[in-house]
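Below is run.cif, holding mmCIF, C-alpha atoms.
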data_entry
loop_
_atom_site.label_atom_id
_atom_site.label_comp_id
_atom_site.auth_asym_id
_atom_site.auth_seq_id
_atom_site.Cartn_x
_atom_site.Cartn_y
_atom_site.Cartn_z
CA MET U 352 6.88 -16.57 -23.86
CA ALA U 353 5.54 -13.20 -24.97
CA LYS U 354 8.22 -10.75 -26.09
CA SER U 355 6.33 -7.85 -24.52
CA LEU U 356 3.62 -7.37 -21.93
CA SER U 357 0.85 -4.80 -21.71
CA PHE U 358 0.22 -3.01 -18.44
CA SER U 359 -1.71 -0.05 -17.08
CA VAL U 360 -0.98 2.41 -14.29
CA TYR U 361 -3.65 3.33 -11.75
CA ASP U 362 -3.44 6.25 -9.35
CA THR U 363 -4.80 4.64 -6.20
CA MET U 364 -6.29 6.09 -3.02
CA THR U 365 -7.50 9.07 -5.05
CA SER U 366 -10.00 10.12 -7.72
CA THR U 367 -7.63 12.76 -9.13
CA PRO U 368 -5.10 11.82 -11.82
CA PHE U 369 -1.44 12.40 -10.94
CA SER U 370 -2.05 12.10 -7.21
CA GLY U 371 -2.32 9.15 -4.85
CA ASN U 372 -0.01 6.19 -5.47
CA ALA U 373 0.85 5.41 -9.11
CA THR U 374 0.51 1.61 -9.37
CA PRO U 375 1.46 -0.42 -12.47
CA VAL U 376 -0.63 -3.59 -12.90
CA PHE U 377 0.14 -6.57 -15.16
CA ILE U 378 -2.58 -9.18 -15.84
CA LEU U 379 -0.79 -12.43 -16.74
CA ASN U 380 -3.79 -14.59 -17.67
CA GLY U 381 -2.43 -15.14 -21.19
CA LEU U 382 0.71 -16.87 -19.93
CA ASP U 383 1.02 -20.56 -19.06
CA ASP U 384 2.75 -19.75 -15.78
CA TRP U 385 4.12 -16.87 -13.75
CA LEU U 386 7.02 -14.96 -15.20
CA PRO U 387 10.31 -15.87 -13.51
CA GLY U 388 10.76 -13.89 -10.33
CA THR U 389 13.89 -12.27 -11.75
CA SER U 390 11.89 -10.98 -14.74
CA MET U 391 9.17 -9.48 -12.53
CA GLN U 392 11.86 -7.91 -10.36
CA LEU U 393 13.58 -6.33 -13.38
CA ILE U 394 10.25 -4.97 -14.66
CA ALA U 395 9.54 -3.43 -11.25
CA ARG U 396 13.02 -1.94 -11.17
CA GLU U 397 12.57 -0.49 -14.67
CA LEU U 398 9.19 1.10 -13.87
CA ASN U 399 10.54 2.30 -10.50
CA HIS U 400 7.26 2.76 -8.66
CA SER U 401 6.83 1.94 -4.99
CA GLU U 402 5.19 -1.37 -5.98
CA THR U 403 4.46 -3.07 -9.29
CA VAL U 404 1.62 -5.59 -9.26
CA PHE U 405 1.25 -8.90 -11.12
CA VAL U 406 -2.02 -10.87 -11.06
CA ARG U 407 -2.88 -14.23 -12.54
CA ARG U 408 -6.16 -16.12 -12.50
CA ARG U 409 -6.00 -19.26 -10.37
CA SER U 410 -6.08 -22.44 -12.48
CA ASN U 411 -9.42 -24.30 -12.42
CA ALA U 412 -10.96 -21.64 -10.18
CA SER U 413 -13.74 -19.10 -10.49
CA PRO U 414 -12.97 -16.17 -12.84
CA ARG U 415 -13.07 -14.01 -9.73
CA VAL U 416 -10.16 -15.79 -7.99
CA TYR U 417 -6.62 -14.53 -8.53
CA ASP U 418 -3.15 -14.95 -7.15
CA ILE U 419 -1.31 -11.66 -6.72
CA ARG U 420 2.32 -10.64 -6.28
CA PHE U 421 3.96 -7.30 -5.52
CA TYR U 422 7.47 -6.10 -6.29
CA THR U 423 9.26 -2.98 -5.12
CA PRO U 424 12.29 -1.95 -7.21
CA TYR U 425 14.38 -3.96 -4.75
CA ALA U 426 12.48 -7.05 -3.61
CA GLU U 427 9.20 -8.96 -3.62
CA GLU U 428 6.79 -7.58 -1.03
CA PRO U 429 4.50 -9.93 0.93
CA PHE U 430 1.47 -7.61 1.02
CA CYS U 431 0.43 -4.32 -0.58
CA GLY U 432 -2.97 -2.73 -0.04
CA HIS U 433 -2.90 -0.11 -2.78
CA GLY U 434 -1.66 -2.84 -5.14
CA ILE U 435 -4.83 -4.85 -4.48
CA LEU U 436 -6.88 -1.69 -5.12
CA GLY U 437 -5.16 -1.16 -8.49
CA ALA U 438 -5.51 -4.84 -9.40
CA ALA U 439 -9.25 -4.83 -8.69
CA HIS U 440 -9.68 -1.75 -10.89
CA ALA U 441 -7.67 -3.36 -13.70
CA LEU U 442 -9.58 -6.64 -13.53
CA HIS U 443 -12.92 -4.83 -13.48
CA LEU U 444 -12.00 -3.01 -16.69
CA SER U 445 -10.79 -6.20 -18.38
CA THR U 446 -13.57 -8.58 -17.25
CA GLY U 447 -16.59 -6.47 -16.28
CA LEU U 448 -16.77 -8.34 -12.96
CA THR U 449 -17.14 -6.39 -9.74
CA THR U 450 -15.91 -8.76 -7.01
CA PHE U 451 -12.55 -10.48 -6.73
CA GLU U 452 -10.66 -12.68 -4.30
CA PHE U 453 -6.88 -12.46 -4.02
CA THR U 454 -4.24 -14.62 -2.35
CA THR U 455 -0.70 -13.35 -1.88
CA PHE U 456 2.34 -15.59 -2.25
CA THR U 457 2.55 -15.72 1.56
CA GLY U 458 -1.04 -16.95 1.80
CA ILE U 459 -2.80 -13.75 2.90
CA GLU U 460 -6.39 -13.88 1.63
CA THR U 461 -8.23 -10.67 0.74
CA SER U 462 -11.30 -9.62 -1.21
CA ALA U 463 -12.24 -6.51 -3.19
CA SER U 464 -15.41 -5.14 -4.77
CA VAL U 465 -15.64 -2.38 -7.36
CA SER U 466 -18.37 0.21 -7.83
CA THR U 467 -18.77 3.42 -9.81
CA ARG U 468 -20.62 6.66 -9.25
CA SER U 469 -23.08 5.78 -12.04
CA GLN U 470 -23.40 2.11 -11.00
CA THR U 471 -22.47 1.02 -14.53
CA TRP U 472 -19.37 -0.70 -15.84
CA ALA U 473 -16.52 1.81 -15.61
CA ASN U 474 -14.71 3.13 -18.64
CA ASP U 475 -11.01 3.95 -18.85
CA GLU U 476 -11.53 7.56 -17.74
CA SER U 477 -13.88 6.97 -14.81
CA PRO U 478 -12.63 6.79 -11.22
CA VAL U 479 -13.96 3.77 -9.36
CA PHE U 480 -14.55 2.98 -5.71
CA VAL U 481 -12.91 -0.18 -4.41
CA SER U 482 -13.84 -1.73 -1.07
CA MET U 483 -11.28 -4.19 0.28
CA GLU U 484 -11.32 -6.52 3.27
CA PHE U 485 -7.99 -7.32 4.92
CA PRO U 486 -7.00 -9.20 8.06
CA SER U 487 -6.08 -6.81 10.85
CA SER U 488 -2.51 -6.70 12.15
CA PRO U 489 -2.68 -4.79 15.45
CA VAL U 490 0.25 -3.19 17.20
CA VAL U 491 1.38 -5.90 19.59
CA ASP U 492 4.90 -4.91 20.66
CA ARG U 493 6.37 -1.78 22.16
CA LEU U 494 10.00 -1.14 21.38
CA GLN U 495 12.24 -1.92 24.32
CA PRO U 496 12.92 1.12 26.54
CA SER U 497 16.62 0.23 26.60
CA PHE U 498 16.92 1.31 22.98
CA ASP U 499 17.21 5.06 22.67
CA VAL U 500 15.12 4.91 19.53
CA LYS U 501 12.91 7.87 20.40
CA ALA U 502 15.80 10.32 20.09
CA ASP U 503 16.79 8.87 16.70
CA PHE U 504 13.24 8.99 15.39
CA ALA U 505 12.72 12.53 16.72
CA ALA U 506 15.90 13.67 14.95
CA ALA U 507 14.70 12.13 11.66
CA LEU U 508 11.38 13.95 12.02
CA GLY U 509 12.88 17.22 13.25
CA ILE U 510 10.71 17.27 16.40
CA GLN U 511 11.17 16.97 20.16
CA LYS U 512 11.21 13.52 21.80
CA ALA U 513 8.20 14.50 23.90
CA GLU U 514 6.17 14.92 20.70
CA ILE U 515 6.45 11.17 20.01
CA LEU U 516 3.74 9.69 22.21
CA GLN U 517 4.05 5.98 21.40
CA ILE U 518 6.29 3.65 19.40
CA GLY U 519 5.06 0.18 18.52
CA MET U 520 5.27 -2.62 15.96
CA ASN U 521 2.86 -5.12 14.41
CA ASP U 522 3.44 -8.59 12.97
CA LEU U 523 3.90 -7.15 9.46
CA MET U 524 7.00 -5.45 10.92
CA ASP U 525 5.61 -1.92 10.57
CA ILE U 526 6.92 0.63 13.08
CA ILE U 527 4.04 2.82 14.30
CA LEU U 528 5.04 6.28 15.58
CA GLU U 529 2.16 8.15 17.20
CA LEU U 530 2.80 11.88 17.35
CA ASP U 531 1.19 14.64 19.38
CA PRO U 532 -2.00 15.56 17.44
CA ASN U 533 -0.89 19.20 17.33
CA VAL U 534 2.20 18.33 15.26
CA ASP U 535 1.50 19.03 11.59
CA PHE U 536 3.48 16.34 9.79
CA SER U 537 1.98 17.02 6.34
CA ALA U 538 4.48 17.13 3.49
CA GLU U 539 3.96 20.88 3.21
CA ARG U 540 4.94 21.41 6.84
CA MET U 541 7.43 18.69 7.72
CA ALA U 542 10.48 17.54 5.75
CA ILE U 543 11.20 14.00 6.95
CA ASP U 544 14.49 12.17 6.44
CA PRO U 545 13.39 8.68 5.31
CA VAL U 546 16.91 7.24 5.39
CA ALA U 547 17.33 8.37 9.01
CA LEU U 548 13.97 6.73 9.83
CA LEU U 549 15.21 3.52 8.24
CA LYS U 550 18.47 3.61 10.19
CA ALA U 551 16.62 4.22 13.47
CA SER U 552 14.42 1.14 12.95
CA PRO U 553 15.14 -2.39 14.17
CA PRO U 554 16.46 -4.90 11.57
CA GLY U 555 13.70 -6.45 9.47
CA THR U 556 11.36 -3.44 9.69
CA ARG U 557 9.03 -3.22 6.68
CA SER U 558 7.94 0.41 7.02
CA GLN U 559 7.83 3.42 9.33
CA VAL U 560 4.33 4.84 9.84
CA ILE U 561 3.87 8.36 11.26
CA THR U 562 0.36 8.85 12.62
CA SER U 563 -1.79 11.03 14.88
CA SER U 564 -5.40 11.85 15.61
CA TRP U 565 -4.91 14.99 13.48
CA THR U 566 -6.45 18.22 14.70
CA PHE U 567 -6.08 20.09 11.38
CA ASP U 568 -9.26 18.79 9.67
CA GLU U 569 -12.46 18.15 11.61
CA ASN U 570 -13.55 15.63 8.95
CA VAL U 571 -10.50 13.41 9.52
CA ASP U 572 -10.20 10.93 12.39
CA PHE U 573 -6.51 10.10 11.92
CA ALA U 574 -3.68 10.77 9.51
CA LYS U 575 -0.53 8.96 8.47
CA ARG U 576 2.58 9.21 6.36
CA VAL U 577 4.42 6.04 5.40
CA PHE U 578 8.09 5.40 4.62
CA ALA U 579 9.70 2.19 3.39
CA TYR U 580 13.17 1.23 2.21
CA GLY U 581 14.44 4.78 2.61
CA SER U 582 11.73 6.62 0.62
CA GLU U 583 8.13 7.77 1.09
CA ASP U 584 5.21 5.60 0.01
CA GLN U 585 2.74 8.24 -1.12
CA ALA U 586 -0.64 6.56 -0.50
CA THR U 587 -0.83 3.14 1.11
CA GLY U 588 -3.35 0.47 2.06
CA SER U 589 -1.72 -2.33 4.05
CA THR U 590 -0.66 -0.06 6.93
CA TYR U 591 -4.36 0.34 7.75
CA CYS U 592 -4.16 -3.26 9.01
CA ALA U 593 -2.37 -1.78 12.02
CA LEU U 594 -3.87 1.70 12.14
CA VAL U 595 -7.57 0.82 11.97
CA PRO U 596 -7.53 -1.30 15.17
CA TYR U 597 -5.05 1.13 16.75
CA TRP U 598 -7.25 4.19 16.24
CA GLY U 599 -10.50 2.26 16.55
CA GLU U 600 -9.47 1.35 20.09
CA ARG U 601 -8.16 4.83 20.91
CA LEU U 602 -11.13 6.73 19.47
CA GLN U 603 -13.76 4.08 20.27
CA LYS U 604 -14.99 4.16 16.68
CA ALA U 605 -15.75 1.44 14.13
CA GLU U 606 -15.96 3.80 11.11
CA MET U 607 -13.27 6.40 10.45
CA LYS U 608 -11.95 8.76 7.80
CA ALA U 609 -8.20 8.60 7.18
CA LEU U 610 -5.91 11.08 5.43
CA GLN U 611 -2.40 10.59 4.06
CA PRO U 612 -0.95 14.13 3.69
CA SER U 613 2.06 13.23 1.51
CA TRP U 614 2.96 15.36 -1.51
CA ARG U 615 0.69 13.29 -3.78
CA GLY U 616 -1.88 12.68 -1.04
CA GLY U 617 -4.38 9.92 -0.36
CA ALA U 618 -7.55 9.24 1.61
CA ALA U 619 -9.79 6.35 2.61
CA HIS U 620 -12.85 5.45 4.62
CA VAL U 621 -12.11 2.55 6.95
CA ASN U 622 -14.16 0.18 9.09
CA TRP U 623 -13.02 -1.95 12.00
CA HIS U 624 -14.72 -5.35 12.31
CA ARG U 625 -13.36 -6.14 15.72
CA ASP U 626 -15.33 -9.34 16.21
CA CYS U 627 -13.74 -11.06 13.19
CA ALA U 628 -10.33 -9.31 13.29
CA ARG U 629 -10.73 -7.80 9.85
CA ILE U 630 -10.82 -4.30 8.42
CA LYS U 631 -12.57 -2.76 5.44
CA ILE U 632 -11.01 0.00 3.35
CA THR U 633 -12.92 1.98 0.73
CA ALA U 634 -10.92 4.23 -1.55
CA GLU U 635 -10.87 5.44 -5.13
CA SER U 636 -8.67 4.72 -8.14
CA VAL U 637 -8.25 6.33 -11.55
CA LYS U 638 -6.42 4.99 -14.60
CA THR U 639 -3.70 7.21 -16.06
CA ILE U 640 -1.43 5.14 -18.36
CA ASP U 641 -1.56 2.24 -20.83
CA GLY U 642 1.73 0.82 -22.04
CA SER U 643 3.84 -2.18 -22.89
CA ILE U 644 7.27 -3.36 -21.85
CA LYS U 645 9.72 -5.93 -23.17
CA VAL U 646 9.99 -9.13 -21.16
CA PRO U 647 13.53 -9.18 -19.75
CA ASP U 648 15.85 -12.14 -20.02
CA ARG U 649 16.03 -13.67 -16.53
CA GLU U 650 19.84 -13.58 -16.71
CA ARG U 651 20.03 -9.96 -17.83
CA ILE U 652 21.33 -7.77 -15.00
CA ARG U 653 23.26 -4.58 -14.74
CA GLY U 654 26.95 -5.18 -14.60
CA ASP U 655 27.31 -2.62 -11.83
CA GLY U 656 24.14 -3.56 -9.97
CA ALA U 657 23.23 -6.08 -7.31
CA ARG U 658 22.38 -9.57 -8.53
CA LEU U 659 18.75 -10.53 -8.35
#

Written as structure tokens, how would this file's structure read?
Amino acid sequence: MAKSLSFSVYDTMTSTPFSGNATPVFILNGLDDWLPGTSMQLIARELNHSETVFVRRRSNASPRVYDIRFYTPYAEEPFCGHGILGAAHALHLSTGLTTFEFTTFTGIETSASVSTRSQTWANDESPVFVSMEFPSSPVVDRLQPSFDVKADFAAALGIQKAEILQIGMNDLMDIILELDPNVDFSAERMAIDPVALLKASPPGTRSQVITSSWTFDENVDFAKRVFAYGSEDQATGSTYCALVPYWGERLQKAEMKALQPSWRGGAAHVNWHRDCARIKITAESVKTIDGSIKVPDRERIRGDGARL
């Protein structure tokens, strides 16, 4: 096994370096097999980004077909939209190809295509556009009225209960909190307690998504901020699986502009393909870092930390 691995970091959902979601990507085509899960988990913990991405070309398949895995610093994640965006950018730079198919370890199938402003093969400095197609995951459940969750969520957000218009959940276990569109929940205006959001959520919740139809920018159809595992995810992709059908239905639109007003910020153009239950997300990505990291021993863990 290699003693070290090369990786690159891509700022996703943005064309501006040092904004969006910083996403490390490892291409493992040179290895005979996946790294042990414990090794990938330790690498993700060391890099300490919201998600670290590992891709590997499928054996005996087209050079466009890859398996993909995502790790937070704490656990393997079943699906990560901005991770797929970063992976497509990385593979475009390494192969020159522009279309890719990905399958997650849970069997979710997605596709991505890469383009540039000049319509030529991107270089390391150029932002790229990535269009991704994901299965939709609509909000299907409302939280039970017997739970006084609205008061807990309102306290975490520092707003009145009446300013939370709806609370729902999708099959990815994302909590969707629709706020009054006149509530400015941008990072500049609202300090949100992510740990309190986590504690207010039902067991097994993947993330807490704050959203509204957003009256503060006439060019934006809806906005969101996303929290997971007690911290903010600065610019995300997979939560659009719920939000695109949610706002497509509410606004009666198939094409929308979305904003994520976190401190680092993010934006995307989204399309709702209602007839086939899929969504399309187009966003930008820019490369910021090249590096290498030692491959950890699978048994190497912190003596004072949780076992992997």

Distance CA of Gly642 in chain U-CA of Phe405 in chain U, one decimal place?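 CA of Phe405 in chain U lies 14.6 Å from CA of Gly642 in chain U.
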
Given the point (0.6, -6.9, -10.2) in the coordinates of this file, which residues lie within 7 Å, counting all atoms listed in the file, and how would they look as a compact mmCIF listing (two decimals) with C-alpha atoms, in the frame of the given file?
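Heads up, here's the output in part_10.txt:
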# COMPACT_ATOMS: atom_id res chain seq x y z
CA PRO U 375 1.46 -0.42 -12.47
CA VAL U 376 -0.63 -3.59 -12.90
CA PHE U 377 0.14 -6.57 -15.16
CA ILE U 378 -2.58 -9.18 -15.84
CA THR U 403 4.46 -3.07 -9.29
CA VAL U 404 1.62 -5.59 -9.26
CA PHE U 405 1.25 -8.90 -11.12
CA VAL U 406 -2.02 -10.87 -11.06
CA ILE U 419 -1.31 -11.66 -6.72
CA ARG U 420 2.32 -10.64 -6.28
CA PHE U 421 3.96 -7.30 -5.52
CA GLY U 434 -1.66 -2.84 -5.14
CA ALA U 438 -5.51 -4.84 -9.40

What do you get, as a ChimeraX atom specification, if you spell out every residue that the PyMOL selection byres ((chain U and resi 634) around 12) selects here? /U:362-367,371-372,432-433,435-437,439-440,463-467,478-484,586-588,608-610,617-622,631-633,635-637

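The coordinates place CA of Asp641 in chain U at 23.5 Å from CA of Tyr425 in chain U.
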
With distances taken over all atoms listed in the file, which residue among U:Ser558, U:Ser564, U:Thr389, U:Ser410 lies nearest Phe578 in chain U?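 Once distances to Phe578 in chain U are computed over all atoms listed in the file, the minimum belongs to U:Ser558.
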
Given the point (9.2, 11.9, 21.8) in the file's coordinates, find the residues that have an atom at most 12 Å from it, counting all atoms listed in the file, and give them as an MDAnalysis selection string. chainID U and resid 499:518 528:531 534

Can you write just those residues out, C-alpha atoms, as a tab-separated table (two decimals), keeping the file's coordinate frame?
chain	number	residue	atom	x	y	z
U	499	ASP	CA	17.21	5.06	22.67
U	500	VAL	CA	15.12	4.91	19.53
U	501	LYS	CA	12.91	7.87	20.40
U	502	ALA	CA	15.80	10.32	20.09
U	503	ASP	CA	16.79	8.87	16.70
U	504	PHE	CA	13.24	8.99	15.39
U	505	ALA	CA	12.72	12.53	16.72
U	506	ALA	CA	15.90	13.67	14.95
U	507	ALA	CA	14.70	12.13	11.66
U	508	LEU	CA	11.38	13.95	12.02
U	509	GLY	CA	12.88	17.22	13.25
U	510	ILE	CA	10.71	17.27	16.40
U	511	GLN	CA	11.17	16.97	20.16
U	512	LYS	CA	11.21	13.52	21.80
U	513	ALA	CA	8.20	14.50	23.90
U	514	GLU	CA	6.17	14.92	20.70
U	515	ILE	CA	6.45	11.17	20.01
U	516	LEU	CA	3.74	9.69	22.21
U	517	GLN	CA	4.05	5.98	21.40
U	518	ILE	CA	6.29	3.65	19.40
U	528	LEU	CA	5.04	6.28	15.58
U	529	GLU	CA	2.16	8.15	17.20
U	530	LEU	CA	2.80	11.88	17.35
U	531	ASP	CA	1.19	14.64	19.38
U	534	VAL	CA	2.20	18.33	15.26

Here's the selection I'm unsure about, the PyMOL selection byres ((chain U and resi 384) around 12); applied to the file above, which residues does it give, as a list in words?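 Applied to this file, the PyMOL selection byres ((chain U and resi 384) around 12) selects Met352, Ala353, Ile378, Leu379, Asn380, Gly381, Leu382, Asp383, Trp385, Leu386, Pro387, Gly388, Phe405, Val406, Arg407, Arg408, Arg409, Ser410 and Asp418 of chain U.
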
One decimal, in Å: what's the spacing between CA of Met520 in chain U and CA of Pro424 in chain U? 24.2 Å

For a quick check of understanding, using all atoms listed in the file, which of U:Ser582, U:Ser357, U:Ser613, U:Asn521 has the smallest distance to Gly555 in chain U? U:Asn521

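Minimum atom-to-atom distances from U:Thr566, U:Asn411, U:Thr374, U:Thr423 to Arg396 in chain U were compared using only C-alpha atoms, and the lowest value belongs to U:Thr423.
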
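Between Ala551 in chain U and the candidates U:Ile640, U:Ser462, U:Ser477, U:Gly581, the tightest atom-to-atom separation, counting all atoms listed in the file, involves U:Gly581.
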
Top pick for closest residue to Met541 in chain U, considering U:Trp614, U:Phe369, U:Phe451, U:Phe430 and counting only C-alpha atoms: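 Checking each candidate against Met541 in chain U, we get U:Trp614 as the closest.
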
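Using the PyMOL selection byres ((chain U and resi 574) around 6) on the file at hand returns these residues: Thr562, Ser563, Trp565, Phe573, Lys575, Ala609, Leu610 and Gln611 of chain U.
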
Identify which of the residues U:Ala538, U:Met607, U:Ile561, U:Leu448 lies closest to Ser413 in chain U, counting all atoms listed in the file when measuring atom-to-atom distances.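 Among the listed residues, U:Leu448 lies closest to Ser413 in chain U.
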
Contacts of Tyr580 in chain U at 12 Å (all atoms listed in the file; same-chain gap of 2+ positions) as a ChimeraX atom specification: /U:401-402,423-426,428,525,544-550,552,554-559,577-578,582-584
